[in-house]
4 protein chains.
Amino acid sequence: MIKIAVLGCGRIGAMHAANIGAHRNARLAAVQDINEAAARAVASSTGARVMGSAAEVFSSPDVDAVLIATATDTHADLLEQAVAAGKPVLCEKPIDLSLARVKRCAEVIHGTRLPIQLGFVRRFDPGHKAVRDAVKAGDIGDLHQVVVTSRDPGLAPEAYLKVSGGIFRDMTIHDFDMARFILGEEPEWVTAMGSRLVAPALMEKLGDFDTVTVVMRTASGKQAIITNSRESLYGYDQRVEAFGSKGMAISQNQRPNQMRLSGKGYSNQAAPLLHFFIERYKEAFDAEIDAFVEAVETNQTPVVGFEDGQKALTLAEAALKSIAEGRAVKVSEVA
Amino acid sequence: MIKIAVLGCGRIGAMHAANIGAHRNARLAAVQDINEAAARAVASSTGARVMGSAAEVFSSPDVDAVLIATATDTHADLLEQAVAAGKPVLCEKPIDLSLARVKRCAEVIHGTRLPIQLGFVRRFDPGHKAVRDAVKAGDIGDLHQVVVTSRDPGLAPEAYLKVSGGIFRDMTIHDFDMARFILGEEPEWVTAMGSRLVAPALMEKLGDFDTVTVVMRTASGKQAIITNSRESLYGYDQRVEAFGSKGMAISQNQRPNQMRLSGKGYSNQAAPLLHFFIERYKEAFDAEIDAFVEAVETNQTPVVGFEDGQKALTLAEAALKSIAEGRAVKVSEVA
Amino acid sequence: MIKIAVLGCGRIGAMHAANIGAHRNARLAAVQDINEAAARAVASSTGARVMGSAAEVFSSPDVDAVLIATATDTHADLLEQAVAAGKPVLCEKPIDLSLARVKRCAEVIHGTRLPIQLGFVRRFDPGHKAVRDAVKAGDIGDLHQVVVTSRDPGLAPEAYLKVSGGIFRDMTIHDFDMARFILGEEPEWVTAMGSRLVAPALMEKLGDFDTVTVVMRTASGKQAIITNSRESLYGYDQRVEAFGSKGMAISQNQRPNQMRLSGKGYSNQAAPLLHFFIERYKEAFDAEIDAFVEAVETNQTPVVGFEDGQKALTLAEAALKSIAEGRAVKVSEVA
Amino acid sequence: MIKIAVLGCGRIGAMHAANIGAHRNARLAAVQDINEAAARAVASSTGARVMGSAAEVFSSPDVDAVLIATATDTHADLLEQAVAAGKPVLCEKPIDLSLARVKRCAEVIHGTRLPIQLGFVRRFDPGHKAVRDAVKAGDIGDLHQVVVTSRDPGLAPEAYLKVSGGIFRDMTIHDFDMARFILGEEPEWVTAMGSRLVAPALMEKLGDFDTVTVVMRTASGKQAIITNSRESLYGYDQRVEAFGSKGMAISQNQRPNQMRLSGKGYSNQAAPLLHFFIERYKEAFDAEIDAFVEAVETNQTPVVGFEDGQKALTLAEAALKSIAEGRAVKVSEVA
């Protein structure tokens, strides 16, 4: 049994805590949050112990590994402390909004053999993973184009958006990782376009976009296309398409059930898509913990690690630069 | 060029006339209807000649073959006259509402080598035919169950229903043929259940049913299930499923287009199904004429003939007897 | 926290034990099996206590309620004992293979106010339940036809089939319940047809069928059609269709993921259906425990109870009689 | 009856000739081709008269309108001659590969009131048109993103590719028009990426691409994304998606039939997509002739005209410039 502590007891931390608590090979050793009431709430529903500080967690012999689900600006510090304390880490994305900070963190933890896993949960989605598996197995031949559609159900509150780092670092970051996951090689060129269509005034104020498209190309010519929107009224639109020399694999949307209704004037109507990441990626969040537990048990490199976090953030930088300068940006310019 | 005359210029006759007129290897030689205005209307849109009587059609050297689309109670007489006149026939279903009359007709035309094709148009539907082809090719192994769903978009007028012969002879007749087509062997036992749910008072008055289910079994144990309704608000529901030892083939419904709409509270909504047989079986009606023209050109036995009409009607009789007596009826009892 | 004991630690008992163990409002108090090794295995993975006998379970103050997942021929006895001991029961289907025994059991427990829930798990499936909800909400108008497709992935071993009570009592029993669930009223007439197509020799030997169709009609004329096969190579085929005066609701099949593959010669290929009940009805098994826990907590009548088990078995009897006598059987004849 | 002459009797001209011949309000007055054998072949199957030269067609009083389906480099000349002769024109795309030539042609025909229709046939596709209609009707709210997927079934021969004008002018041209059709406003910025993945050596030699992505933005921020490939092994992949503030409309792919096959290891497999434009856009080609006949009959401006051809070509120029310069190109730079 791997004893895992959860740092950060907000929505996603609470979910992870429950998943760890229900895992057959893991135990929820402790929970911690700077808001102690949040930690206590999670503790009471999971039976876990509350620890008073991250330092207490890192020094506790009862903690084998930590899951970092705190505010983004604390990720890098906590990650460095965890590594210093010899605890394997599952860290929510992004590592930091600043690529410079991420690079410093990389230097600090350089050489560690501890399993460090990044929270790119979508890699564990059965459908998206089946696309990747089909690509790897050669089912679609040589890969030519990857198309990632990703639309959030609704705009986050202004308070959140203000500190989110902008759509590319906050939302598209998952799609950059998904594109890399399916591509199996690194994008070399990035172009991006941004629009303000969902909440034009707010986006103008924040200097952000709510509707973006990114096109990337690898050295061998493979293309990846990402389309994002901050608001989708029919639910959380999450699709991945891989097209190759021998065929195509698509991971389609999911719905809460397979009921289809037909009546006067319409047919085959389905429920809206699963609402948001907690519902949509439920199986993936479980599988992510599975993978982390296994990496800790076997002391192996996780399937998605620190470097993946750094590379996705680099692509976000490239996308921002592409918009600012109205041109294709070579990834090496910003790496 | 095969010169074909159309007898009967109602809705279905007019459609056949247009299809023949557009056929690359056929010419619409003449049209005829006891209501001469109807014949003239079709003639004016197709450029065909109007003939004054069926007798004129049968004796005309300008007519190579005839298509009978008149009122049901004239089918058998006209079919006999056509055979006597040496004209190949494509006859709309049913041959007659009376099995006794059909048997007499069979005797009258016995031994003819003329191509006689029955209007079981659904055999020519690309989807249903693909199911049959998959069964024949062994794609689903040994056939076990055939499920035919067939629901008309709306109740026909009382005047029509009164002379229709009842749901089994008028509507289910197509499904009996489809079941035989997919089964590839003859049903031996028939059970049926009838309900009055769409228009209870009218059905009571007519001694008819609007909602029926038929289950049949062949000597080898293969089963065929038919469900019918006289009214389906989402359109003309036409599906065929074949299940076997190695898999399943389904011919799904068709819609006017492949557009799918998603919005607040729903996703993937499609248009209603294609309205009725003229729209739904458009390709099949074309292919039916193709098959007839080819049978006439090559003087071969059509893929669906007189005997198929007789056998479908026999199954209708068995279904009626099954309801009347509340038991499984052996087809040989009514044949 | 409701403390639940699981009697019977075979495949389904072990699954229930795990689900109870993970439930937020329930605790797995104990497990028991006449094969103590089986009980110990479940205990070791769940941390539950092993009890030596059903009597120990029923007399234990640490047990609030029991889940009966033992061999079928012990269900009725255990159910009676549980009621005598004042323990609410969740009993796997069927109550017994003998309708006479079920009736005696009904008399024995007559008047109890304890929650007694029957394991008709499919009522809790999100898709099937959505169909029922659509019917109740009037979304499809007045209900006319219910079509239940249910095909097991593969034939059970002979040893199991021998004591299963035959396909109607063992397999169709779930579909009888599903039909009643969707219909919202009782079938009055039953007709059935059985074939031996999957394993003819074995079925002949057992006097059983592997491929059956049942058609039922309520007093008001509503129809329910069930098709079953003991072997489906593409997975566990589980569909429910409700057709009414205003439309249709279908609960379609589920697959392990939403990936669709296209290549030379084909398109849109999906994975096989989810294998069998453990995978297919995973959410439903969870919801079933939820419902039981809630019924126990609030001391309310469960949504699916003893009477539902008795009525489904009565329909199985009617189906057998229908086949034996080749006629429609009135349910009151066998009730 | 509108008497239409077809200039150019290659594959697409022959198809148009047949469609005109079968049209209820049109007559195929004449066919012409510099290869007279090709013209005679079409004439023999349609019964049309062969004319010896375009000049003969333009001067004939028996010709009400012309359809230009000749080699691309003759389109502009013939279009100018037709207008000079007072004949309405349906001209296959593109008007010319040179934007300069198209502009001269525009000047030459400036002020004409003759109906001039461009062969952007996809606007008449029922599914794509339904998307446009949904957008216009406000069904998806304010439009935000248009995604056009367009993949040819297989690479055209080198001889064709050499004179095609390159993928943007030859293939993407249709998608530029589709994007404009759905957008309802003009793209202002264009970025493009090209790869050589299907036939790298040949593309290198031709200075062309076989795999491209284009992203465009209108002044109001609406985005249009086009992905193209010259080879798709599962058939002609043709999809259009419109996403807006209230929902999404997708025009999905079409298949030759609705049969779906399930077996060991897979389920729901469909046939490959309809092969290529003749099959895929059959209904659209018919509707295109309908629209032209109606425009000629009523002397109205066609729904898709000369300007649409010019604008699509301008977008192709912008895409080429974007790739050459690695930057977003303002459409006004090349217009």
# chains A, B, ... in the order shown; residues from 1 in each chain; ligands from 1
>>> select_by_dssp(residues="segment 114-316 of chain C", states="alpha helix (DSSP H)", output="ChimeraX atom specification")
/C:126-136,158-162,167-170,172-183,200-206,277-280,282-298,306-316
>>> interface_residues(of="chain A", to="chain B", cutoff="12 Å", atoms="only C-alpha atoms", output="ChimeraX atom specification")
/A:153-154,231-237,252-275
>>> residues_around(residues="Thr213 of chain C", least_positions_apart="4", cutoff="6 Å", atoms="only C-alpha atoms", output="list in words")
Ala192, Met193, Ile226 and Thr227 of chain C
>>> residues_around(residues="Leu28 of chain A", least_positions_apart="6", cutoff="9 Å", atoms="only C-alpha atoms", output="JSON list (two decimals) with C-alpha atoms, in the first residue's frame")
[["chain", "number", "residue", "atom", "x", "y", "z"],
["A", 2, "ILE", "CA", 1.43, 3.34, -1.08],
["A", 3, "LYS", "CA", 0.65, 6.07, 1.43],
["A", 4, "ILE", "CA", -0.13, 9.28, -0.46],
["A", 5, "ALA", "CA", -0.70, 12.77, 0.91],
["A", 6, "VAL", "CA", -2.75, 15.34, -0.99],
["A", 17, "ALA", "CA", -8.19, 12.40, -2.30],
["A", 18, "ALA", "CA", -11.39, 10.38, -2.78],
["A", 19, "ASN", "CA", -9.84, 8.43, -5.66],
["A", 20, "ILE", "CA", -6.73, 7.63, -3.64],
["A", 21, "GLY", "CA", -8.90, 6.59, -0.70],
["A", 22, "ALA", "CA", -10.77, 4.13, -2.90],
["A", 46, "THR", "CA", -12.24, 10.18, 3.58],
["A", 47, "GLY", "CA", -11.04, 9.37, 7.07],
["A", 48, "ALA", "CA", -7.63, 10.84, 6.28],
["A", 49, "ARG", "CA", -5.43, 12.71, 8.74],
["A", 63, "VAL", "CA", 3.87, 9.66, 3.60]]
>>> atom_distance(atom1="atom CA of Val89 of chain A", atom2="atom CA of Asp62 of chain A")
15.0 Å
>>> atom_distance(atom1="atom CA of Ile116 of chain D", atom2="atom CA of Asp177 of chain D")
16.2 Å
>>> residues_around(residues="Thr72 of chain C", least_positions_apart="6", cutoff="9 Å", atoms="only C-alpha atoms", output="list in words")
Glu92, Lys93, Pro94, Ile95, Asp96, Leu97, Val163 and Ser164 of chain C
>>> atom_distance(atom1="atom CA of Ala39 of chain A", atom2="atom CA of Ala291 of chain A")
24.7 Å
>>> select_by_dssp(residues="segment 40-208 of chain B", states="strand (DSSP E or B)", output="PyMOL selection string")
chain B and resi 49-50+65-68+89-91+116-118+143-151+187-195
>>> write_last_selection(atoms="C-alpha atoms", output="tab-separated table (two decimals), in the first residue's frame")
chain	number	residue	atom	x	y	z
B	49	ARG	CA	-48.65	8.37	-74.84
B	50	VAL	CA	-52.03	7.80	-73.16
B	65	ALA	CA	-43.63	-4.97	-70.91
B	66	VAL	CA	-46.13	-3.62	-68.40
B	67	LEU	CA	-46.01	-2.27	-64.91
B	68	ILE	CA	-49.24	-2.80	-62.96
B	89	VAL	CA	-44.99	-7.82	-65.86
B	90	LEU	CA	-43.79	-5.82	-62.90
B	91	CYS	CA	-46.80	-5.99	-60.55
B	116	ILE	CA	-43.02	-11.68	-63.71
B	117	GLN	CA	-41.66	-9.46	-60.98
B	118	LEU	CA	-43.41	-8.54	-57.73
B	143	LEU	CA	-28.32	-16.88	-39.17
B	144	HIS	CA	-30.27	-17.07	-35.89
B	145	GLN	CA	-32.65	-14.12	-35.66
B	146	VAL	CA	-34.03	-11.53	-38.06
B	147	VAL	CA	-35.67	-8.43	-36.60
B	148	VAL	CA	-37.68	-6.17	-38.90
B	149	THR	CA	-38.93	-2.84	-37.59
B	150	SER	CA	-41.44	-1.11	-39.83
B	151	ARG	CA	-43.55	1.86	-38.81
B	187	PRO	CA	-41.10	-19.78	-42.04
B	188	GLU	CA	-42.91	-22.86	-40.78
B	189	TRP	CA	-44.67	-21.43	-37.74
B	190	VAL	CA	-46.29	-18.03	-37.27
B	191	THR	CA	-47.57	-16.30	-34.14
B	192	ALA	CA	-48.98	-12.79	-34.13
B	193	MET	CA	-50.31	-10.25	-31.70
B	194	GLY	CA	-52.41	-7.25	-32.62
B	195	SER	CA	-53.34	-4.11	-30.71
>>> decode(residues="segment 34-49 of chain B", atoms="all heavy atoms", output="CSV table (one decimal), in the first residue's frame")
chain,number,residue,atom,x,y,z
B,34,ILE,N,-58.0,4.2,-65.4
B,34,ILE,CA,-59.5,4.3,-65.7
B,34,ILE,C,-59.9,5.8,-65.5
B,34,ILE,O,-60.9,6.2,-66.1
B,34,ILE,CB,-60.3,3.4,-64.8
B,34,ILE,CG1,-59.9,3.5,-63.3
B,34,ILE,CG2,-60.2,1.9,-65.2
B,34,ILE,CD1,-60.8,2.9,-62.3
B,35,ASN,N,-59.2,6.5,-64.7
B,35,ASN,CA,-59.3,7.9,-64.6
B,35,ASN,C,-58.4,8.6,-65.6
B,35,ASN,O,-57.2,8.7,-65.3
B,35,ASN,CB,-59.0,8.4,-63.1
B,35,ASN,CG,-59.0,9.9,-63.0
B,35,ASN,OD1,-59.2,10.6,-64.0
B,35,ASN,ND2,-58.6,10.3,-61.8
B,36,GLU,N,-59.0,8.9,-66.8
B,36,GLU,CA,-58.1,9.3,-67.9
B,36,GLU,C,-57.3,10.6,-67.6
B,36,GLU,O,-56.2,10.8,-68.0
B,36,GLU,CB,-58.9,9.5,-69.2
B,36,GLU,CG,-58.0,9.2,-70.4
B,36,GLU,CD,-58.8,9.4,-71.7
B,36,GLU,OE1,-59.8,8.7,-71.9
B,36,GLU,OE2,-58.3,10.3,-72.5
B,37,ALA,N,-57.9,11.5,-66.7
B,37,ALA,CA,-57.2,12.7,-66.3
B,37,ALA,C,-55.9,12.4,-65.6
B,37,ALA,O,-54.9,13.1,-65.8
B,37,ALA,CB,-58.1,13.5,-65.4
B,38,ALA,N,-55.9,11.4,-64.8
B,38,ALA,CA,-54.7,11.0,-64.1
B,38,ALA,C,-53.6,10.5,-65.1
B,38,ALA,O,-52.5,10.9,-65.0
B,38,ALA,CB,-55.0,9.8,-63.1
B,39,ALA,N,-54.1,9.7,-66.1
B,39,ALA,CA,-53.2,9.3,-67.1
B,39,ALA,C,-52.6,10.5,-67.9
B,39,ALA,O,-51.4,10.5,-68.2
B,39,ALA,CB,-53.9,8.3,-68.0
B,40,ARG,N,-53.5,11.4,-68.2
B,40,ARG,CA,-53.0,12.6,-69.0
B,40,ARG,C,-52.0,13.4,-68.2
B,40,ARG,O,-51.1,13.9,-68.8
B,40,ARG,CB,-54.2,13.4,-69.4
B,40,ARG,CG,-54.9,12.9,-70.7
B,40,ARG,CD,-55.7,14.0,-71.4
B,40,ARG,NE,-56.7,14.5,-70.4
B,40,ARG,CZ,-58.0,14.0,-70.3
B,40,ARG,NH1,-58.4,13.1,-71.1
B,40,ARG,NH2,-58.8,14.6,-69.5
B,41,ALA,N,-52.2,13.5,-66.9
B,41,ALA,CA,-51.3,14.3,-66.1
B,41,ALA,C,-49.9,13.7,-66.2
B,41,ALA,O,-48.9,14.4,-66.3
B,41,ALA,CB,-51.8,14.4,-64.7
B,42,VAL,N,-49.9,12.4,-66.0
B,42,VAL,CA,-48.6,11.7,-66.0
B,42,VAL,C,-48.0,11.8,-67.4
B,42,VAL,O,-46.8,12.0,-67.6
B,42,VAL,CB,-48.7,10.2,-65.6
B,42,VAL,CG1,-47.4,9.5,-65.8
B,42,VAL,CG2,-49.1,10.1,-64.1
B,43,ALA,N,-48.8,11.7,-68.4
B,43,ALA,CA,-48.3,11.7,-69.8
B,43,ALA,C,-47.7,13.1,-70.1
B,43,ALA,O,-46.7,13.2,-70.7
B,43,ALA,CB,-49.5,11.5,-70.8
B,44,SER,N,-48.4,14.1,-69.6
B,44,SER,CA,-47.9,15.5,-69.9
B,44,SER,C,-46.5,15.8,-69.3
B,44,SER,O,-45.7,16.5,-69.8
B,44,SER,CB,-48.9,16.5,-69.5
B,44,SER,OG,-48.7,16.8,-68.1
B,45,SER,N,-46.3,15.2,-68.1
B,45,SER,CA,-45.0,15.4,-67.5
B,45,SER,C,-43.9,14.5,-68.0
B,45,SER,O,-42.7,14.7,-67.7
B,45,SER,CB,-45.1,15.3,-65.9
B,45,SER,OG,-45.3,14.0,-65.5
B,46,THR,N,-44.3,13.4,-68.6
B,46,THR,CA,-43.3,12.5,-69.1
B,46,THR,C,-43.2,12.4,-70.6
B,46,THR,O,-42.2,11.7,-71.1
B,46,THR,CB,-43.6,11.0,-68.5
B,46,THR,OG1,-45.0,10.7,-69.0
B,46,THR,CG2,-43.6,11.0,-67.0
B,47,GLY,N,-44.1,12.9,-71.3
B,47,GLY,CA,-44.1,12.8,-72.7
B,47,GLY,C,-44.6,11.5,-73.2
B,47,GLY,O,-44.4,11.2,-74.4
B,48,ALA,N,-45.2,10.7,-72.3
B,48,ALA,CA,-45.7,9.4,-72.8
B,48,ALA,C,-47.0,9.5,-73.5
B,48,ALA,O,-47.7,10.5,-73.3
B,48,ALA,CB,-45.8,8.4,-71.6
B,49,ARG,N,-47.4,8.4,-74.2
B,49,ARG,CA,-48.7,8.4,-74.8
B,49,ARG,C,-49.7,7.8,-73.9
B,49,ARG,O,-49.4,7.0,-73.1
B,49,ARG,CB,-48.4,7.4,-76.0
B,49,ARG,CG,-49.6,7.1,-76.9
B,49,ARG,CD,-49.1,6.1,-78.0
B,49,ARG,NE,-50.2,5.4,-78.5
B,49,ARG,CZ,-50.1,4.3,-79.3
B,49,ARG,NH1,-48.8,3.8,-79.5
B,49,ARG,NH2,-51.1,3.7,-79.7
